[in-house]
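Heads up: the structure comes next, in structure tokens.
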Amino acid sequence: MLKDATAIVGIGQTAFAKQLHETEKTLACRAILAALDDAGIDPSEVDAFASYTMEETDEVEVAKAIGAGDVTFFSKVGYGGGGSCATVGHLAAAVATGQASVGVAWRSRKRGSGPRPWKNTAVQLPTPGQWTRPFGLLRPADEIGMLTRRYMHEYGATRDHLFNVALACRNRANQNPAAIMYERPLTREMYMTARWISEPLCLFDNCLETDGALACVIVGAERARDCRQKPVYVHAAAQGLPSQHHGMVNYWNDDPLSGPAWTAARHLWKQADFGPDDVDVAQIYDAFTPLVPLSLEGYGFCGRGEGGAFTEGGALEIGGRLPLNTGGGGLSEAYVHGFNLINEGVKQLRGTSTAQVPDAATCLVTAGEGVPTSAILLRS
């Protein structure tokens, strides 16, 4: 069992910006070294790495650059934002089973100043893309826009519900000096009059385009007690790929609104000593605002079709039913394929967040809904 056998003992990040001059490799190394310094662990002790298949930097070059020792475990997780929490899960499994002793997970990205993958029309379409892109669903925003319209039609969700998500993330970013949207308030009028990106998704329903990198360090529970920072234990981890899944749009599912979150959640809660009602704070993947109500349903915080209504009455704000994305999330802090949600979860359980939830002891962190996904439960 992985339950509480390992802990995150170090976190690090670079600055976030629309454009940074350093290479992705340099950014990755800066974030990793910062995380190791946070933990009080020398780079020569690192013997495990985990990142994303979409990561442009690789463990060979990173290991050399930071001065790691012999590496005995390394993995990469697919599906973009769906892989964030799985990197922690893979390292936790490796450390808990004795395959490694000090693991580093990271994501480095130059999305703000780099190319958009869907603009490369010379590359042969992957199989899922053959069923979407010729019909005008060129970008993730187009695919999620269609899914959102279905959700609104079936369950009565409204743009006001999506605004609640965007506002909660922006309010937390306004408290976070590291956030791109720090001190940049969002109003309902600004949201409702913003330009469309892919109707019904407007500008503020979409995540930021960000350059930056983040990393975290994982060790066994026994060693964690002697590290520099308060340990944050990996209580449970899960991945989810539902039957007949078709990325983003779920064309072949009997119910396209029951996405990968539902599959990951069943496995996650089965491993845990607590349930959704016991979660003090959540970091829910927010590349697009509608992913939050869909995830709220998938992870059991409310019933089917109730995710929109759940956001009402300040439920996602500090002091609400479920304080959410307390660093600003992908919508307002930075979009680095969800890794900032992991680090923010650690900050909450250390008690060092810029928007601290009082006495937070449990945190759910999720990866991208709409693609094969992952999630972790953290506890102090």
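Identifiers in this document derive from the order of the structure tokens: chains are assigned A, B, ..., residues are numbered from 1 separately in each chain, and ligands are numbered from 1 in order of occurrence.
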(request) Just list the residues in segment 19-146 of chain A DSSP gives strand (DSSP E) on the backbone, as JSON, numbers by chain. (result) {"A": [48, 49, 50, 51, 52, 73, 74, 75, 76, 77, 102, 103, 104, 105, 106, 107, 108, 109, 110]}
(message) Can you pull out every residue from segment 116-353 of chain A that DSSP, working from the backbone, puts in alpha helix (DSSP H), and format the result as a PyMOL selection string?
(response) chain A and resi 140-155+159-173+188-192+221-224+260-271+291-298+307-310+329-332+339-350
(request) Would you kindly return, as a list in words, each protein, DNA or RNA residue with an atom no farther than 10 Å from any atom of Ala315 of chain A, considering only C-alpha atoms and excluding same-chain residues fewer than 4 positions away? (result)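 With the cut-off at 10 Å, the set is Asn164, Val165, Ala168, Ala309, Phe310, Thr311, Gly319, Gly320, Arg321, Leu322, Pro323 and Leu324 of chain A.
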Save out the residues we just selected, N, CA, C and O atoms, as a short mmCIF file (atom, residue, chain, number, x, y, z; two decimals), in the first residue's frame.
```
data_model
loop_
_atom_site.label_atom_id
_atom_site.label_comp_id
_atom_site.auth_asym_id
_atom_site.auth_seq_id
_atom_site.Cartn_x
_atom_site.Cartn_y
_atom_site.Cartn_z
N ASN A 164 -18.25 31.92 -11.66
CA ASN A 164 -17.90 31.63 -10.27
C ASN A 164 -16.56 30.95 -10.16
O ASN A 164 -15.77 31.23 -9.24
N VAL A 165 -16.28 30.04 -11.09
CA VAL A 165 -14.99 29.35 -11.10
C VAL A 165 -13.86 30.33 -11.42
O VAL A 165 -12.85 30.40 -10.72
N ALA A 168 -13.24 32.78 -8.48
CA ALA A 168 -12.55 32.20 -7.32
C ALA A 168 -11.05 32.07 -7.59
O ALA A 168 -10.22 32.41 -6.73
N ALA A 309 -24.38 24.31 -9.84
CA ALA A 309 -25.03 24.86 -8.64
C ALA A 309 -24.09 24.84 -7.44
O ALA A 309 -24.18 25.71 -6.56
N PHE A 310 -23.18 23.87 -7.39
CA PHE A 310 -22.23 23.78 -6.27
C PHE A 310 -21.40 25.05 -6.14
O PHE A 310 -21.00 25.43 -5.04
N THR A 311 -21.14 25.73 -7.26
CA THR A 311 -20.27 26.90 -7.24
C THR A 311 -20.93 28.14 -6.67
O THR A 311 -20.27 29.16 -6.45
N GLY A 319 -13.33 30.06 3.05
CA GLY A 319 -14.49 30.09 3.93
C GLY A 319 -15.71 29.42 3.33
O GLY A 319 -16.72 29.25 4.02
N GLY A 320 -15.65 29.02 2.05
CA GLY A 320 -16.77 28.36 1.39
C GLY A 320 -16.75 26.86 1.62
O GLY A 320 -15.93 26.32 2.36
N ARG A 321 -17.66 26.17 0.94
CA ARG A 321 -17.79 24.73 1.10
C ARG A 321 -16.52 23.99 0.70
O ARG A 321 -16.14 23.00 1.32
N LEU A 322 -15.86 24.46 -0.34
CA LEU A 322 -14.64 23.81 -0.81
C LEU A 322 -13.70 24.86 -1.40
O LEU A 322 -13.72 25.12 -2.61
N PRO A 323 -12.85 25.49 -0.59
CA PRO A 323 -11.87 26.44 -1.13
C PRO A 323 -11.04 25.77 -2.22
O PRO A 323 -10.57 24.65 -2.06
N LEU A 324 -10.84 26.50 -3.31
CA LEU A 324 -10.33 25.85 -4.52
C LEU A 324 -9.23 26.67 -5.17
O LEU A 324 -9.29 27.89 -5.19
#
```
(message) Give me, as an MDAnalysis selection string, all polymer residues having an atom no more than 7 Å from segment 138-154 of chain A, counting only C-alpha atoms and skipping those fewer than 2 positions away in the same chain.
(response) chainID A and resid 118 133 136 156:158 198:201 248:249 290
Dump as a compact mmCIF listing (two decimals), in the first residue's frame, selection limited to C-alpha atoms:
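The resulting part.txt:
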```txt
# COMPACT_ATOMS: atom_id res chain seq x y z
CA TRP A 118 -2.25 21.99 -33.21
CA ARG A 133 -10.21 18.49 -36.47
CA GLY A 136 -13.66 22.40 -36.95
CA GLY A 156 -28.96 23.84 -16.86
CA ALA A 157 -25.47 25.06 -16.03
CA THR A 158 -24.98 28.71 -16.93
CA SER A 198 -14.87 29.06 -28.58
CA GLU A 199 -18.47 29.70 -27.65
CA PRO A 200 -19.70 29.25 -24.92
CA LEU A 201 -16.14 29.72 -23.61
CA MET A 248 -11.73 15.64 -24.67
CA VAL A 249 -15.00 14.95 -26.48
CA PRO A 290 -16.19 23.87 -17.04
```
(message) Applying 7 Å and only C-alpha atoms, which residues near Gly103 of chain A remain after dropping the ones on its own chain fewer than 6 positions away? List them as a list in words.
(response) Val46, Asp47, Ala48, Phe49, Leu91, Val217, Ile218 and Val219 of chain A
Write the residues of the preceding selection, restricted to N, CA and C atoms, as a PDB file, in the first residue's frame.
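Contents of the output file result-v4.pdb:
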```
ATOM      1  N   VAL A  46      19.663  12.260  -5.560  1.00  0.00           N
ATOM      2  CA  VAL A  46      18.492  11.981  -6.407  1.00  0.00           C
ATOM      3  C   VAL A  46      18.733  10.717  -7.213  1.00  0.00           C
ATOM      4  N   ASP A  47      17.822   9.759  -7.112  1.00  0.00           N
ATOM      5  CA  ASP A  47      17.955   8.521  -7.882  1.00  0.00           C
ATOM      6  C   ASP A  47      16.678   8.136  -8.617  1.00  0.00           C
ATOM      7  N   ALA A  48      15.728   9.083  -8.735  1.00  0.00           N
ATOM      8  CA  ALA A  48      14.490   8.802  -9.465  1.00  0.00           C
ATOM      9  C   ALA A  48      13.934  10.084 -10.060  1.00  0.00           C
ATOM     10  N   PHE A  49      13.377   9.970 -11.250  1.00  0.00           N
ATOM     11  CA  PHE A  49      12.767  11.103 -11.940  1.00  0.00           C
ATOM     12  C   PHE A  49      11.421  10.688 -12.521  1.00  0.00           C
ATOM     13  N   LEU A  91       6.443   8.157  -8.541  1.00  0.00           N
ATOM     14  CA  LEU A  91       7.594   8.264  -7.638  1.00  0.00           C
ATOM     15  C   LEU A  91       7.260   7.705  -6.257  1.00  0.00           C
ATOM     16  N   VAL A 217       9.941  17.140  -4.566  1.00  0.00           N
ATOM     17  CA  VAL A 217      10.838  16.071  -4.127  1.00  0.00           C
ATOM     18  C   VAL A 217      10.064  15.131  -3.214  1.00  0.00           C
ATOM     19  N   ILE A 218      10.212  13.824  -3.461  1.00  0.00           N
ATOM     20  CA  ILE A 218       9.504  12.805  -2.693  1.00  0.00           C
ATOM     21  C   ILE A 218      10.496  11.835  -2.064  1.00  0.00           C
ATOM     22  N   VAL A 219      10.313  11.546  -0.792  1.00  0.00           N
ATOM     23  CA  VAL A 219      11.133  10.566  -0.071  1.00  0.00           C
ATOM     24  C   VAL A 219      10.215   9.696   0.778  1.00  0.00           C
TER      25      VAL A 219
END
```
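Closest to His90 of chain A among A:Trp131, A:Phe74, A:Asn253, A:Ala224 is A:Phe74, based on only C-alpha atoms.
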(message) Which residue is closest to Phe16 of chain A? Choose from A:Ala334, A:Leu167, A:Val102, A:Val281 and count only C-alpha atoms.
(response)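 So, comparing all the options, the nearest one is A:Ala334.
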(message) Nearest residue to Phe274 of chain A out of A:Leu377, A:Gly351, A:Gln239, A:Thr23, using only C-alpha atoms?
(response)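 When distances to Phe274 of chain A are compared using only C-alpha atoms, the smallest one comes from A:Leu377.
Proximity of A:Arg195, A:Lys110, A:His337, A:Arg159 to His21 of chain A, computed with only C-alpha atoms, is greatest for A:Lys110.
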(message) Which residue is closest to Glu55 of chain A? Choose from A:Ala68, A:Ala194, A:Val123, A:Ala213 and count only C-alpha atoms.
(response)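 Closest residue, counting only C-alpha atoms: A:Ala213.
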(message) Excluding Cys227 of chain A and its own-chain neighbours fewer than 6 positions away, which residues fall within 10 Å of it when counting only C-alpha atoms? Please give them as a ChimeraX atom specification.
(response) /A:9-10,38-41,219
Using the selection just defined, write its residues with N, CA and C atoms as a PDB file, in the first residue's frame.
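Written file, again-v1.pdb:
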```
ATOM      1  N   VAL A   9       8.627  16.574   0.326  1.00  0.00           N
ATOM      2  CA  VAL A   9       9.423  17.316   1.312  1.00  0.00           C
ATOM      3  C   VAL A   9      10.081  18.565   0.729  1.00  0.00           C
ATOM      4  N   GLY A  10       9.946  18.772  -0.565  1.00  0.00           N
ATOM      5  CA  GLY A  10      10.523  19.953  -1.189  1.00  0.00           C
ATOM      6  C   GLY A  10       9.721  20.372  -2.401  1.00  0.00           C
ATOM      7  N   ASP A  38      14.902  23.371  -0.886  1.00  0.00           N
ATOM      8  CA  ASP A  38      13.767  23.487   0.033  1.00  0.00           C
ATOM      9  C   ASP A  38      13.720  22.282   0.979  1.00  0.00           C
ATOM     10  N   ALA A  39      14.054  21.102   0.434  1.00  0.00           N
ATOM     11  CA  ALA A  39      14.034  19.878   1.233  1.00  0.00           C
ATOM     12  C   ALA A  39      15.296  19.682   2.060  1.00  0.00           C
ATOM     13  N   GLY A  40      16.375  20.384   1.691  1.00  0.00           N
ATOM     14  CA  GLY A  40      17.657  20.170   2.357  1.00  0.00           C
ATOM     15  C   GLY A  40      18.336  18.888   1.913  1.00  0.00           C
ATOM     16  N   ILE A  41      18.139  18.529   0.641  1.00  0.00           N
ATOM     17  CA  ILE A  41      18.702  17.294   0.080  1.00  0.00           C
ATOM     18  C   ILE A  41      19.667  17.660  -1.043  1.00  0.00           C
ATOM     19  N   VAL A 219      10.313  11.546  -0.792  1.00  0.00           N
ATOM     20  CA  VAL A 219      11.133  10.566  -0.071  1.00  0.00           C
ATOM     21  C   VAL A 219      10.215   9.696   0.778  1.00  0.00           C
TER      22      VAL A 219
END
```
(request) Grab the atom CA of Tyr79 of chain A to atom CA of Lys270 of chain A distance for me, in Å with one decimal place. (result) 23.9 Å
(request) Return the single residue from A:Val62, A:Ala28, A:Ala17, A:Ile11 that is closest to Tyr182 of chain A, with distances computed using only C-alpha atoms. (result)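 Ranked by minimum distance to Tyr182 of chain A, first place goes to A:Ala17.
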